[in-house]
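Notes follow once the structure below has been shown.
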Amino acid sequence: MHSMEKKKEIISKTAELLSLADGNTEITTRRIAENAGINPAMVNYYFGSKDGLLKEAISAMSGGHSTDAVHEQGGSRKAMFDLLIRACDSSNQCARFGLRQDIASFSGDAFEISSKLIEMKGIHDREVPDEEDAAAVFKTVCFLMTASADPEGFAVYSGMDIRVKGQLRLLVSKQLDALLGDVL
C-alpha cells in the first residue's frame, strides 16, 4: 500500500478509536496500532509521535479548517459559524485527550482560521476588511480556541460548560454576532 494511503488509513482508524473512547479510555500507541493493524513503530514513523497522530485524527474528525465553505456559501454567517465550531471542537477534543498545542501550532491554526474568517467577513460585508476588522477576528479566534483548549477552566471563569454543544454554539454565535456587528 502506498505510504500516503497507509497514513490516511491510520488517521481514519485512529479517528474511529477516538470517537468511541469515553473519558476513562486511555489511548496508547499500542492500542492505536492494534486498532489500525500496524506495528506500533509506524505511529512514530508516519507522525513523529502518538500526539502528532492524535492531532491529525482530531483534525480529520472535525473536518479540518476547510476553505470550501468560503466559496460554497459565499461568506455566509453559517459558513463562518461552522468554521468556528470546527476549530473549537478540534481544540476541545485535544483537551479531552490531554494534548497541548505548542505556541507555534496554536498561532498557526489561529492565523489560518482568522485569515479564512477575514475573507468570509469581506464577502459577507461586501467590502475589504481593514486592520481593525482583522485584529477583531484574530482576537475572537484566539479567545474561542483558548477557551476550548481549557473547557474546565473556562467553565469556572464564565459559568458556561462549552463541552456541551448547545453552550458552545451559544458562545460562538454571540462572538460571531459581535464580529458582524449584529445585536448581541
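Identifiers in the C-alpha cells: chain A, B, ... in order shown; residue index from 1 per chain; ligand index from 1 in order shown.
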>> For the structure I just gave you, how does DSSP split chain A - specifically, which residues are helix (DSSP H, G or I)? Reply as a ChimeraX atom specification.
In response: /A:3-20,29-36,41-47,50-61,68-72,77-96,103-125,131-149,151-158,165-180
Residue neighbourhood A:Arg126, 12 Å, only C-alpha atoms, exclusion window fewer than 3 positions, as an mmCIF file with all heavy atoms, in the first residue's frame:
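Printed below is around-v7.cif as written:
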data_model
loop_
_atom_site.group_PDB
_atom_site.id
_atom_site.type_symbol
_atom_site.label_atom_id
_atom_site.label_comp_id
_atom_site.auth_asym_id
_atom_site.auth_seq_id
_atom_site.Cartn_x
_atom_site.Cartn_y
_atom_site.Cartn_z
ATOM 1 N N GLY A 74 -20.470 31.493 0.034
ATOM 2 C CA GLY A 74 -20.316 32.922 -0.207
ATOM 3 C C GLY A 74 -20.092 33.766 1.031
ATOM 4 O O GLY A 74 -20.546 34.893 1.096
ATOM 5 N N GLY A 75 -19.394 33.258 2.012
ATOM 6 C CA GLY A 75 -19.115 34.053 3.207
ATOM 7 C C GLY A 75 -20.324 34.237 4.101
ATOM 8 O O GLY A 75 -20.411 35.217 4.835
ATOM 9 N N SER A 76 -21.247 33.302 4.058
ATOM 10 C CA SER A 76 -22.448 33.425 4.882
ATOM 11 C C SER A 76 -22.106 33.325 6.365
ATOM 12 O O SER A 76 -21.061 32.802 6.749
ATOM 13 C CB SER A 76 -23.454 32.327 4.518
ATOM 14 O OG SER A 76 -22.974 31.066 4.939
ATOM 15 N N ILE A 118 -11.599 36.345 7.893
ATOM 16 C CA ILE A 118 -11.475 37.702 7.345
ATOM 17 C C ILE A 118 -11.961 37.713 5.895
ATOM 18 O O ILE A 118 -12.700 38.603 5.484
ATOM 19 C CB ILE A 118 -10.022 38.208 7.470
ATOM 20 C CG1 ILE A 118 -9.698 38.470 8.948
ATOM 21 C CG2 ILE A 118 -9.800 39.461 6.630
ATOM 22 C CD1 ILE A 118 -8.219 38.628 9.247
ATOM 23 N N GLU A 119 -11.566 36.683 5.143
ATOM 24 C CA GLU A 119 -12.041 36.569 3.765
ATOM 25 C C GLU A 119 -13.565 36.424 3.740
ATOM 26 O O GLU A 119 -14.250 37.086 2.953
ATOM 27 C CB GLU A 119 -11.383 35.369 3.078
ATOM 28 C CG GLU A 119 -11.801 35.188 1.634
ATOM 29 C CD GLU A 119 -11.171 33.974 0.978
ATOM 30 O OE1 GLU A 119 -10.264 33.349 1.569
ATOM 31 O OE2 GLU A 119 -11.602 33.640 -0.132
ATOM 32 N N MET A 120 -14.112 35.582 4.595
ATOM 33 C CA MET A 120 -15.561 35.381 4.654
ATOM 34 C C MET A 120 -16.275 36.666 5.069
ATOM 35 O O MET A 120 -17.325 37.001 4.522
ATOM 36 C CB MET A 120 -15.900 34.268 5.646
ATOM 37 C CG MET A 120 -15.451 32.903 5.218
ATOM 38 S SD MET A 120 -15.611 31.758 6.621
ATOM 39 C CE MET A 120 -16.233 30.316 5.803
ATOM 40 N N LYS A 121 -15.697 37.370 6.034
ATOM 41 C CA LYS A 121 -16.309 38.610 6.518
ATOM 42 C C LYS A 121 -16.348 39.639 5.395
ATOM 43 O O LYS A 121 -17.328 40.359 5.228
ATOM 44 C CB LYS A 121 -15.548 39.149 7.728
ATOM 45 C CG LYS A 121 -16.229 40.335 8.402
ATOM 46 C CD LYS A 121 -15.521 40.714 9.676
ATOM 47 C CE LYS A 121 -16.125 41.846 10.446
ATOM 48 N NZ LYS A 121 -16.892 42.838 9.767
ATOM 49 N N GLY A 122 -15.290 39.686 4.594
ATOM 50 C CA GLY A 122 -15.274 40.600 3.448
ATOM 51 C C GLY A 122 -16.374 40.270 2.459
ATOM 52 O O GLY A 122 -17.044 41.171 1.926
ATOM 53 N N ILE A 123 -16.575 38.986 2.207
ATOM 54 C CA ILE A 123 -17.652 38.565 1.305
ATOM 55 C C ILE A 123 -18.999 38.911 1.921
ATOM 56 O O ILE A 123 -19.891 39.441 1.258
ATOM 57 C CB ILE A 123 -17.553 37.045 1.003
ATOM 58 C CG1 ILE A 123 -16.290 36.743 0.202
ATOM 59 C CG2 ILE A 123 -18.790 36.564 0.258
ATOM 60 C CD1 ILE A 123 -15.953 35.255 0.106
ATOM 61 N N PRO A 129 -12.111 43.984 4.503
ATOM 62 C CA PRO A 129 -11.905 44.250 5.932
ATOM 63 C C PRO A 129 -10.622 45.064 6.162
ATOM 64 O O PRO A 129 -9.617 44.846 5.496
ATOM 65 C CB PRO A 129 -11.783 42.853 6.540
ATOM 66 C CG PRO A 129 -12.410 41.933 5.539
ATOM 67 C CD PRO A 129 -12.147 42.563 4.207
ATOM 68 N N LEU A 180 -19.763 40.580 13.434
ATOM 69 C CA LEU A 180 -20.518 41.043 12.278
ATOM 70 C C LEU A 180 -21.322 42.305 12.570
ATOM 71 O O LEU A 180 -21.973 42.849 11.689
ATOM 72 C CB LEU A 180 -21.448 39.930 11.773
ATOM 73 C CG LEU A 180 -20.721 38.680 11.288
ATOM 74 C CD1 LEU A 180 -21.729 37.607 10.879
ATOM 75 C CD2 LEU A 180 -19.771 39.003 10.142
#
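Rounded to one decimal, atom CA of A:Thr14 and atom CA of A:Arg86 lie 18.3 Å from each other.
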> atom CA of A:Ile85 and atom CA of A:Ser107, how far apart in Å?
Replying inline: 17.6 Å
>> So that I can check the surroundings of stretch 169-171 of chain A, please list as number ranges by chain every protein, DNA and RNA residue that reaches within 9 Å of it, counting only C-alpha atoms and ignoring chain neighbours fewer than 4 positions away.
In response: A: 81, 85, 144, 160, 162, 164-165, 175-176
Residues just named, written with N, CA and C atoms as an mmCIF file, in the first residue's frame:
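Below is the file result_26.cif, written as the result:
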data_model
loop_
_atom_site.group_PDB
_atom_site.id
_atom_site.type_symbol
_atom_site.label_atom_id
_atom_site.label_comp_id
_atom_site.auth_asym_id
_atom_site.auth_seq_id
_atom_site.Cartn_x
_atom_site.Cartn_y
_atom_site.Cartn_z
ATOM 1 N N PHE A 81 -19.836 30.517 11.161
ATOM 2 C CA PHE A 81 -20.210 29.796 12.378
ATOM 3 C C PHE A 81 -19.653 28.374 12.347
ATOM 4 N N ILE A 85 -17.009 26.653 14.916
ATOM 5 C CA ILE A 85 -17.405 25.461 15.673
ATOM 6 C C ILE A 85 -16.389 24.346 15.441
ATOM 7 N N LEU A 144 -11.754 32.018 21.461
ATOM 8 C CA LEU A 144 -12.533 30.786 21.351
ATOM 9 C C LEU A 144 -11.650 29.546 21.417
ATOM 10 N N MET A 160 -20.056 28.794 31.891
ATOM 11 C CA MET A 160 -20.523 28.075 30.692
ATOM 12 C C MET A 160 -19.685 26.822 30.505
ATOM 13 N N ILE A 162 -18.622 24.666 27.851
ATOM 14 C CA ILE A 162 -18.611 24.605 26.385
ATOM 15 C C ILE A 162 -18.333 23.207 25.846
ATOM 16 N N VAL A 164 -20.562 21.129 26.385
ATOM 17 C CA VAL A 164 -21.955 20.905 25.998
ATOM 18 C C VAL A 164 -22.186 21.670 24.697
ATOM 19 N N LYS A 165 -22.596 20.938 23.664
ATOM 20 C CA LYS A 165 -22.719 21.524 22.319
ATOM 21 C C LYS A 165 -23.570 22.789 22.293
ATOM 22 N N GLN A 175 -20.153 35.527 19.815
ATOM 23 C CA GLN A 175 -18.903 36.098 19.333
ATOM 24 C C GLN A 175 -19.024 36.504 17.857
ATOM 25 N N LEU A 176 -19.707 35.686 17.086
ATOM 26 C CA LEU A 176 -19.901 35.995 15.673
ATOM 27 C C LEU A 176 -20.809 37.207 15.501
#
> So which residues touch A:Cys94 within 10 Å, counting only C-alpha atoms, skipping near sequence neighbours fewer than 6 positions away, as a ChimeraX atom specification?
Replying inline: /A:51,54-55,58-59,88,100-101,148-150
> If you count only C-alpha atoms, which residues fall within 12 Å of A:Met42, apart from same-chain ones fewer than 3 positions away, as a ChimeraX atom specification?
Replying inline: /A:3,6-7,10-11,29-30,32-34,36-39,45-50,53
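Nearest to A:Gly108 of all the residues A:Cys142, A:Val156, A:Leu20, A:Met4 is A:Cys142, counting only C-alpha atoms.
For the set A:Ser173, A:Arg96, A:Glu16, A:Met80, the residue with the smallest atom-to-atom gap to A:His124 is A:Met80, counting only C-alpha atoms.
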> Which of these, A:Ala136, A:Ser91, A:Lys78, A:Asp177, has the shortest distance to A:Ser105 once you count only C-alpha atoms?
Replying inline: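 Closest to A:Ser105, using only C-alpha atoms: A:Ser91.
Minimum distance to A:Thr28 across A:Ala87, A:Gly159, A:Val43, A:Val137 (counting only C-alpha atoms) occurs at A:Val43.
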